[in-house]
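So this block is protein-v7.cif, mmCIF, C-alpha atoms:
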```cif
data_entry
loop_
_atom_site.label_atom_id
_atom_site.label_comp_id
_atom_site.auth_asym_id
_atom_site.auth_seq_id
_atom_site.Cartn_x
_atom_site.Cartn_y
_atom_site.Cartn_z
CA MET A 15 -38.13 33.10 -19.50
CA HIS A 16 -37.31 33.56 -23.20
CA ILE A 17 -37.60 37.37 -22.95
CA ALA A 18 -35.20 37.53 -20.00
CA ALA A 19 -32.65 35.32 -21.76
CA HIS A 20 -32.92 37.42 -24.95
CA HIS A 21 -32.39 40.60 -22.95
CA ILE A 22 -29.29 39.19 -21.30
CA ASP A 23 -27.89 38.02 -24.64
CA ARG A 24 -28.24 41.54 -26.14
CA LYS A 25 -26.58 43.04 -23.07
CA ALA A 26 -23.75 40.52 -23.26
CA ASP A 27 -23.09 41.50 -26.89
CA ALA A 28 -22.61 45.12 -25.76
CA VAL A 29 -19.96 44.48 -23.09
CA PRO A 30 -16.25 44.59 -23.90
CA ASP A 31 -14.40 41.33 -24.64
CA ALA A 32 -12.62 41.49 -21.25
CA ALA A 33 -15.97 41.16 -19.49
CA ALA A 34 -17.44 38.59 -21.90
CA GLY A 35 -16.36 35.63 -19.77
CA ALA A 36 -17.96 37.06 -16.66
CA SER A 37 -21.19 37.78 -18.56
CA ARG A 38 -21.35 34.22 -19.90
CA ARG A 39 -20.90 32.87 -16.38
CA GLY A 40 -23.70 35.09 -15.29
CA VAL A 41 -25.96 33.71 -18.03
CA LEU A 42 -25.14 30.13 -17.03
CA GLY A 43 -25.78 30.92 -13.40
CA LEU A 44 -29.13 32.50 -14.23
CA GLY A 45 -29.97 29.48 -16.43
CA ALA A 46 -29.23 27.11 -13.55
CA ALA A 47 -31.39 29.19 -11.23
CA LEU A 48 -34.26 29.18 -13.73
CA LEU A 49 -33.99 25.37 -14.07
CA ALA A 50 -33.99 24.96 -10.31
CA THR A 51 -37.11 27.12 -10.07
CA ALA A 52 -38.77 25.10 -12.84
CA ALA A 53 -37.91 21.88 -11.05
CA GLN A 54 -39.56 23.12 -7.87
CA GLN A 55 -42.66 24.33 -9.67
CA HIS A 56 -42.89 21.46 -12.17
CA PRO A 57 -40.96 18.47 -10.75
CA PHE A 58 -42.58 16.03 -13.17
CA LEU A 59 -40.70 17.64 -16.09
CA VAL A 60 -37.31 16.76 -14.63
CA ALA A 61 -38.45 13.29 -13.56
CA ARG A 62 -39.74 12.50 -17.04
CA ALA A 63 -36.40 13.54 -18.55
CA ASP A 64 -34.47 11.28 -16.13
CA GLU A 65 -36.78 8.35 -16.89
CA ALA A 66 -36.26 8.82 -20.64
CA ASP A 67 -32.46 8.74 -20.24
CA ALA A 68 -32.67 5.57 -18.16
CA ALA A 69 -34.92 3.85 -20.71
CA VAL A 70 -32.52 4.65 -23.55
CA GLU A 71 -29.57 3.26 -21.56
CA VAL A 72 -31.36 0.01 -20.73
CA GLN A 73 -32.40 -0.49 -24.33
CA GLN A 74 -28.87 0.12 -25.57
CA VAL A 75 -27.40 -2.40 -23.11
CA ALA A 76 -30.06 -4.96 -24.00
CA ALA A 77 -29.42 -4.44 -27.70
CA ALA A 78 -25.66 -4.66 -27.23
CA THR A 79 -25.86 -7.97 -25.34
CA PRO A 80 -28.51 -10.15 -27.01
CA ALA A 81 -28.95 -13.72 -25.82
CA ALA A 82 -26.79 -16.08 -27.84
CA ARG A 83 -29.08 -18.39 -29.79
CA VAL A 84 -27.60 -21.13 -31.95
CA PRO A 85 -30.00 -22.97 -34.29
CA MET A 86 -30.06 -26.67 -33.43
CA LYS A 87 -31.36 -29.81 -35.11
CA ARG A 88 -32.40 -32.96 -33.23
CA LEU A 89 -31.28 -36.49 -34.06
CA GLN A 90 -32.73 -39.62 -32.43
CA ASP A 91 -31.69 -43.22 -33.02
CA ASP A 92 -34.02 -45.90 -31.65
CA THR A 93 -31.70 -48.78 -32.61
CA LEU A 94 -29.16 -47.83 -29.93
CA ALA A 95 -31.61 -45.59 -28.03
CA TYR A 96 -29.90 -42.21 -27.85
CA ALA A 97 -30.72 -38.66 -28.91
CA PHE A 98 -28.99 -35.30 -29.15
CA GLU A 99 -29.13 -31.92 -30.87
CA TYR A 100 -26.38 -30.56 -33.08
CA PRO A 101 -25.70 -26.98 -34.25
CA GLU A 102 -26.69 -25.77 -37.71
CA ALA A 103 -24.61 -22.61 -37.35
CA THR A 104 -22.02 -20.99 -35.11
CA ALA A 105 -22.67 -18.24 -32.57
CA SER A 106 -21.84 -15.58 -35.18
CA GLY A 107 -24.35 -17.07 -37.63
CA ARG A 108 -21.87 -18.92 -39.82
CA LYS A 109 -23.67 -21.88 -41.38
CA LEU A 110 -22.50 -25.41 -40.62
CA PRO A 111 -23.79 -27.61 -43.47
CA LEU A 112 -23.42 -30.89 -41.58
CA VAL A 113 -24.35 -33.98 -43.59
CA PHE A 114 -24.21 -37.67 -42.76
CA SER A 115 -20.92 -39.36 -43.48
CA ARG A 116 -22.21 -42.37 -41.52
CA LYS A 117 -25.93 -42.75 -40.91
CA PRO A 118 -27.03 -44.20 -37.54
CA GLU A 119 -26.55 -47.98 -37.48
CA ARG A 120 -26.28 -50.91 -35.11
CA TYR A 121 -23.05 -51.55 -33.23
CA SER A 122 -22.21 -54.86 -34.93
CA SER A 123 -22.18 -53.31 -38.43
CA ALA A 124 -20.49 -50.03 -37.46
CA ALA A 125 -16.99 -49.12 -38.60
CA PRO A 126 -14.30 -49.58 -35.94
CA LEU A 127 -12.12 -46.64 -34.96
CA THR A 128 -9.07 -48.86 -34.48
CA ALA A 129 -7.88 -52.36 -35.31
CA ASP A 130 -9.17 -53.95 -32.09
CA ALA A 131 -12.72 -52.74 -33.00
CA ARG A 132 -13.63 -51.78 -29.44
CA GLN A 133 -14.88 -48.25 -30.13
CA ARG A 134 -17.10 -48.09 -33.22
CA ILE A 135 -18.59 -45.10 -35.05
CA VAL A 136 -22.34 -45.66 -35.02
CA CYS A 137 -23.19 -42.20 -36.39
CA GLU A 138 -21.25 -39.30 -37.88
CA LEU A 139 -22.01 -35.94 -39.48
CA ALA A 140 -19.40 -33.74 -41.14
CA ASP A 141 -18.98 -30.27 -42.61
CA LEU A 142 -16.14 -30.85 -45.07
CA VAL A 143 -15.52 -27.16 -45.82
CA ASP A 144 -15.04 -26.06 -42.19
CA SER A 145 -13.77 -29.48 -41.03
CA VAL A 146 -16.41 -29.82 -38.30
CA THR A 147 -17.42 -33.31 -37.21
CA VAL A 148 -20.14 -34.66 -34.93
CA SER A 149 -19.85 -38.35 -34.08
CA VAL A 150 -21.31 -40.98 -31.78
CA THR A 151 -19.14 -43.93 -30.81
CA VAL A 152 -19.97 -46.98 -28.72
CA GLY A 153 -17.70 -49.51 -27.08
CA PRO A 154 -16.89 -51.39 -23.86
CA PRO A 155 -14.59 -49.84 -21.26
CA SER A 156 -10.94 -50.84 -21.17
CA GLY A 157 -7.78 -50.08 -19.24
CA VAL A 158 -8.29 -48.73 -15.74
CA LEU A 159 -12.06 -48.66 -16.21
CA LYS A 160 -12.35 -52.36 -16.95
CA GLY A 161 -11.17 -53.44 -13.52
CA ARG A 162 -13.49 -51.08 -11.65
CA THR A 163 -17.22 -50.66 -11.24
CA PRO A 164 -18.81 -47.56 -12.85
CA ASP A 165 -19.35 -45.93 -9.46
CA GLN A 166 -15.56 -45.94 -9.00
CA TRP A 167 -14.84 -44.17 -12.30
CA THR A 168 -13.72 -40.55 -12.34
CA ALA A 169 -14.49 -38.11 -15.13
CA ARG A 170 -10.82 -37.79 -16.11
CA GLN A 171 -10.34 -41.57 -16.19
CA VAL A 172 -13.35 -41.96 -18.50
CA ALA A 173 -12.17 -39.12 -20.74
CA GLU A 174 -8.61 -40.41 -21.04
CA GLN A 175 -9.65 -44.02 -21.65
CA VAL A 176 -12.19 -43.12 -24.33
CA LEU A 177 -9.59 -40.96 -26.08
CA ILE A 178 -6.98 -43.73 -25.86
CA ASP A 179 -9.43 -46.17 -27.48
CA ARG A 180 -10.01 -43.66 -30.27
CA SER A 181 -6.29 -43.22 -30.86
CA THR A 182 -3.92 -45.09 -33.17
CA GLY A 183 -0.78 -43.77 -31.47
CA ARG A 184 1.49 -46.32 -29.83
CA VAL A 185 4.78 -46.25 -27.94
CA THR A 186 7.69 -48.60 -28.65
CA THR A 187 6.25 -51.26 -26.32
CA GLY A 188 3.14 -51.43 -28.48
CA GLN A 189 0.96 -49.83 -25.82
CA ARG A 190 -1.60 -47.42 -27.23
CA VAL A 191 -1.43 -43.81 -26.06
CA SER A 192 -3.82 -40.89 -26.39
CA LEU A 193 -2.91 -38.17 -28.87
CA SER A 194 -5.33 -35.76 -27.19
CA SER A 195 -4.83 -33.51 -24.18
CA VAL A 196 -7.76 -33.39 -21.75
CA GLU A 197 -8.36 -29.74 -20.81
CA SER A 198 -11.19 -30.37 -18.32
CA ALA A 199 -13.47 -33.20 -17.21
CA THR A 200 -16.56 -33.24 -15.00
CA ALA A 201 -19.26 -35.74 -14.04
CA GLU A 202 -22.90 -34.73 -13.75
CA THR A 203 -26.14 -36.55 -12.99
CA ARG A 204 -28.88 -35.40 -15.35
CA ASP A 205 -32.67 -35.48 -15.23
CA ASP A 206 -32.79 -39.13 -16.33
CA GLY A 207 -30.74 -40.21 -13.29
CA LEU A 208 -27.72 -41.26 -15.36
CA VAL A 209 -24.18 -39.98 -14.93
CA TYR A 210 -22.73 -38.09 -17.91
CA TYR A 211 -19.01 -37.38 -18.18
CA VAL A 212 -18.33 -34.09 -20.01
CA TYR A 213 -14.80 -33.28 -21.14
CA GLU A 214 -12.94 -30.85 -23.38
CA HIS A 215 -9.86 -32.00 -25.28
CA VAL A 216 -7.35 -30.74 -27.83
CA SER A 217 -5.43 -32.79 -30.39
CA GLN A 218 -3.07 -32.20 -33.28
CA GLY A 219 -4.87 -32.15 -36.60
CA SER A 220 -4.23 -32.18 -40.32
CA PRO A 221 -4.33 -29.32 -42.84
CA THR A 222 -7.86 -28.38 -43.90
CA LEU A 223 -9.39 -26.57 -46.87
CA ARG A 224 -9.23 -23.33 -44.88
CA THR A 225 -5.92 -23.90 -43.05
CA LEU A 226 -2.99 -25.24 -45.04
CA SER A 227 -0.49 -24.94 -42.19
CA LYS A 228 1.38 -28.14 -41.40
CA GLU A 229 0.85 -27.64 -37.66
CA THR A 230 -2.84 -27.45 -36.85
CA TYR A 231 -4.91 -28.31 -33.80
CA ARG A 232 -8.45 -29.48 -33.23
CA HIS A 233 -10.58 -28.49 -30.26
CA SER A 234 -13.32 -30.86 -29.13
CA LEU A 235 -16.10 -31.20 -26.60
CA ALA A 236 -17.43 -34.65 -25.69
CA VAL A 237 -19.84 -36.40 -23.36
CA THR A 238 -19.89 -40.09 -22.38
CA ALA A 239 -22.59 -42.12 -20.65
CA MET A 240 -22.78 -45.80 -19.74
CA ARG A 241 -25.46 -48.41 -20.42
CA PRO A 242 -25.11 -52.15 -19.74
CA GLY A 243 -25.39 -54.71 -22.56
CA LEU A 244 -27.45 -57.90 -22.51
CA ASP A 245 -24.96 -59.69 -20.27
CA GLY A 246 -24.44 -56.69 -17.99
CA THR A 247 -21.17 -55.58 -19.60
CA PRO A 248 -20.94 -51.77 -19.53
CA TYR A 249 -20.91 -49.97 -22.89
CA LEU A 250 -19.78 -46.38 -23.25
CA TYR A 251 -21.81 -44.10 -25.54
CA THR A 252 -19.82 -41.00 -26.53
CA LEU A 253 -20.92 -37.90 -28.44
CA ASN A 254 -17.92 -35.93 -29.71
CA LEU A 255 -17.96 -32.57 -31.52
CA SER A 256 -14.73 -31.33 -33.07
CA CYS A 257 -13.51 -28.34 -35.09
CA PRO A 258 -10.25 -26.59 -36.02
CA GLN A 259 -8.78 -24.50 -33.21
CA GLU A 260 -9.40 -21.22 -35.08
CA LEU A 261 -13.16 -21.96 -35.18
CA TRP A 262 -13.46 -22.99 -31.53
CA GLU A 263 -14.59 -19.70 -29.98
CA ASP A 264 -17.36 -19.35 -32.55
CA ALA A 265 -18.43 -23.00 -32.34
CA GLU A 266 -18.14 -23.53 -28.58
CA ALA A 267 -21.68 -22.36 -27.69
CA GLY A 268 -23.28 -24.77 -30.16
CA PHE A 269 -21.01 -27.60 -29.05
CA ALA A 270 -21.92 -27.00 -25.41
CA ALA A 271 -25.65 -27.00 -26.22
CA SER A 272 -25.24 -30.26 -28.13
CA VAL A 273 -23.35 -31.97 -25.31
CA ALA A 274 -25.96 -30.78 -22.80
CA SER A 275 -28.77 -32.26 -24.93
CA PHE A 276 -27.26 -35.75 -25.20
CA ARG A 277 -29.39 -38.46 -23.58
CA LEU A 278 -29.58 -42.24 -23.48
CA LEU A 279 -33.26 -42.96 -24.10
CA PRO A 280 -35.50 -45.62 -22.56
CA THR A 281 -35.25 -48.70 -24.78
CA THR A 282 -38.12 -49.84 -27.00
CA ASN A 283 -38.77 -52.94 -29.11
CA ARG A 284 -36.57 -51.34 -31.80
CA TYR A 285 -33.55 -51.28 -29.49
CA VAL A 286 -30.62 -53.53 -30.41
CA ALA A 287 -28.04 -53.92 -27.64
CA PRO A 288 -24.40 -53.56 -28.74
CA ASP A 289 -23.63 -57.16 -27.80
CA LYS A 290 -26.64 -58.65 -29.59
CA ASP A 291 -25.82 -60.63 -32.79
CA PRO A 292 -22.18 -59.44 -32.96
CA TRP A 293 -21.78 -61.40 -36.20
CA ARG A 294 -24.53 -59.46 -37.96
CA PHE A 295 -23.31 -56.76 -40.37
CA PHE A 296 -26.65 -55.49 -41.75
#
```
Reformat the file's structure so that it appears as structure tokens.
Amino acid sequence: MHIAAHHIDRKADAVPDAAAGASRRGVLGLGAALLATAAQQHPFLVARADEADAAVEVQQVAAATPAARVPMKRLQDDTLAYAFEYPEATASGRKLPLVFSRKPERYSSAAPLTADARQRIVCELADLVDSVTVSVTVGPPSGVLKGRTPDQWTARQVAEQVLIDRSTGRVTTGQRVSLSSVESATAETRDDGLVYYVYEHVSQGSPTLRTLSKETYRHSLAVTAMRPGLDGTPYLYTLNLSCPQELWEDAEAGFAASVASFRLLPTTNRYVAPDKDPWRFF
């Protein structure tokens, strides 16, 4: 095969330039014929080459689309019997040095979100540099939820009422209004048999260390579940993760994993119901 090709190349060098194109076509045609003959006589050579190309393509696709893995850390509080995981980094690998701004505590001693003290922050972690917060709040239902049984609640009603109770905004009549816009809300029954309300919301924020613009927004993902108190009064447990809008796409995967991990745990002898000893502050 090599001798024939060499002979053709020498002959092609001897032809005039006007016939060079035709000679090259002849060489290519002969090369194709030789490959066809080789394929018939040694089909495994061509098959092996095709398999190698396919393997390289699969490996490149797999390497280009690795599974997104966000490092998570677990937190469990036996006093109010809940647990969840929270992200230690974003999807791109950016570290989130979250530290406790409020360590887990009982409902009666927790700081209220508003003056009426319905929703209270029982646990909070914060990354002050990136302005990322992870908080757990507990409180009884109010508004449209209060006059209905839990099986009559909708995901959007729960989302809007929780956000209203977290808000300090009021209209001229004195009625409190939510300063957040609910983007989506769904209800799902998880492996523990409880209903969890998952919702995404956006609110106007304040300037941060990284964003000094006067008009900023915060993007949040939250989940709420209900557990009755000692007297049967429903209490809403809400996990809320929030970040500046510009960090949302990078933080969303970790936020979603955290919300999916949230569970109300079976109570133990360390459990303290929210309505037990409401006067106790330690």
Written as a count of residues only, which residues does the PyMOL selection byres ((chain A and resi 103) around 10) give for the file shown? 19
A:Leu278, A:Leu89, A:Ala97, A:Leu127: which is nearest Phe114 of chain A, counting all atoms listed in the file?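 Counting all atoms listed in the file, the residue closest to Phe114 of chain A is A:Leu89.
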What residues come out when you apply the PyMOL selection byres ((chain A and resi 140) around 7) to this file, written as a list in words?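 Applying the PyMOL selection byres ((chain A and resi 140) around 7) to the structure shown produces Leu112, Val113, Phe114, Ser115, Glu138, Leu139, Asp141, Leu142, Val146, Thr147 and Val148 of chain A.
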One decimal, Å: what's the distance from atom CA of Ala199 of chain A over to atom CA of Lys117 of chain A, could you say?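 Atom-to-atom, atom CA of Ala199 of chain A to atom CA of Lys117 of chain A, that is 28.4 Å.
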Which residues would end up in the selection if the PyMOL selection byres ((chain A and resi 259-261) around 10) were applied here, given that I need the answer as a ChimeraX atom specification? /A:104,144-146,216-219,225,230-234,256-258,262-266
Using all atoms listed in the file, find the one residue out of A:Ala125, A:Ala95, A:Leu177, A:Val196 that sits nearest to Gly157 of chain A.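 Distance minimum relative to Gly157 of chain A lands on A:Leu177.
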Between atom CA of Ala239 of chain A and atom CA of Tyr211 of chain A - distance in Å to one decimal: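 If I compute the distance from atom CA of Tyr211 of chain A to atom CA of Ala239 of chain A, I get 6.4 Å.
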Counting only C-alpha atoms, which residue out of A:Arg116, A:Arg277, A:Arg170, A:Arg132 sits closest to Glu197 of chain A?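 Under the stated criterion, the closest residue is A:Arg170.
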Taking into account all atoms listed in the file, which residue in the set A:Val152, A:Cys137, A:Ala274, A:Val172 is nearest to Arg241 of chain A? A:Val152
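Among the candidates A:Arg134, A:Asp179, A:Tyr251, A:Lys87, the residue lying nearest to Glu99 of chain A is A:Lys87 (atoms considered: only C-alpha atoms).
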For atom CA of Thr252 of chain A and atom CA of Val143 of chain A, the interatomic separation in Å (one decimal): 24.1 Å
May I have the residues within 10 Å of Gln175 of chain A as a PyMOL selection string, using all atoms listed in the file and disregarding those fewer than 2 positions away in the same chain? chain A and resi 155-160+170-173+177-181+191-192
Selected residues written out with C-alpha atoms, as a PDB file, keeping the file's coordinate frame:
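Full text of result.pdb as output:
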```pdb
ATOM      1  CA  PRO A 155     -14.590 -49.840 -21.260  1.00  0.00           C
ATOM      2  CA  SER A 156     -10.940 -50.840 -21.170  1.00  0.00           C
ATOM      3  CA  GLY A 157      -7.780 -50.080 -19.240  1.00  0.00           C
ATOM      4  CA  VAL A 158      -8.290 -48.730 -15.740  1.00  0.00           C
ATOM      5  CA  LEU A 159     -12.060 -48.660 -16.210  1.00  0.00           C
ATOM      6  CA  LYS A 160     -12.350 -52.360 -16.950  1.00  0.00           C
ATOM      7  CA  ARG A 170     -10.820 -37.790 -16.110  1.00  0.00           C
ATOM      8  CA  GLN A 171     -10.340 -41.570 -16.190  1.00  0.00           C
ATOM      9  CA  VAL A 172     -13.350 -41.960 -18.500  1.00  0.00           C
ATOM     10  CA  ALA A 173     -12.170 -39.120 -20.740  1.00  0.00           C
ATOM     11  CA  LEU A 177      -9.590 -40.960 -26.080  1.00  0.00           C
ATOM     12  CA  ILE A 178      -6.980 -43.730 -25.860  1.00  0.00           C
ATOM     13  CA  ASP A 179      -9.430 -46.170 -27.480  1.00  0.00           C
ATOM     14  CA  ARG A 180     -10.010 -43.660 -30.270  1.00  0.00           C
ATOM     15  CA  SER A 181      -6.290 -43.220 -30.860  1.00  0.00           C
ATOM     16  CA  VAL A 191      -1.430 -43.810 -26.060  1.00  0.00           C
ATOM     17  CA  SER A 192      -3.820 -40.890 -26.390  1.00  0.00           C
TER      18      SER A 192
END
```
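Minimum distance to Ser198 of chain A across A:Ala124, A:Val176, A:Ala169, A:Leu255 (counting all atoms listed in the file) occurs at A:Ala169.
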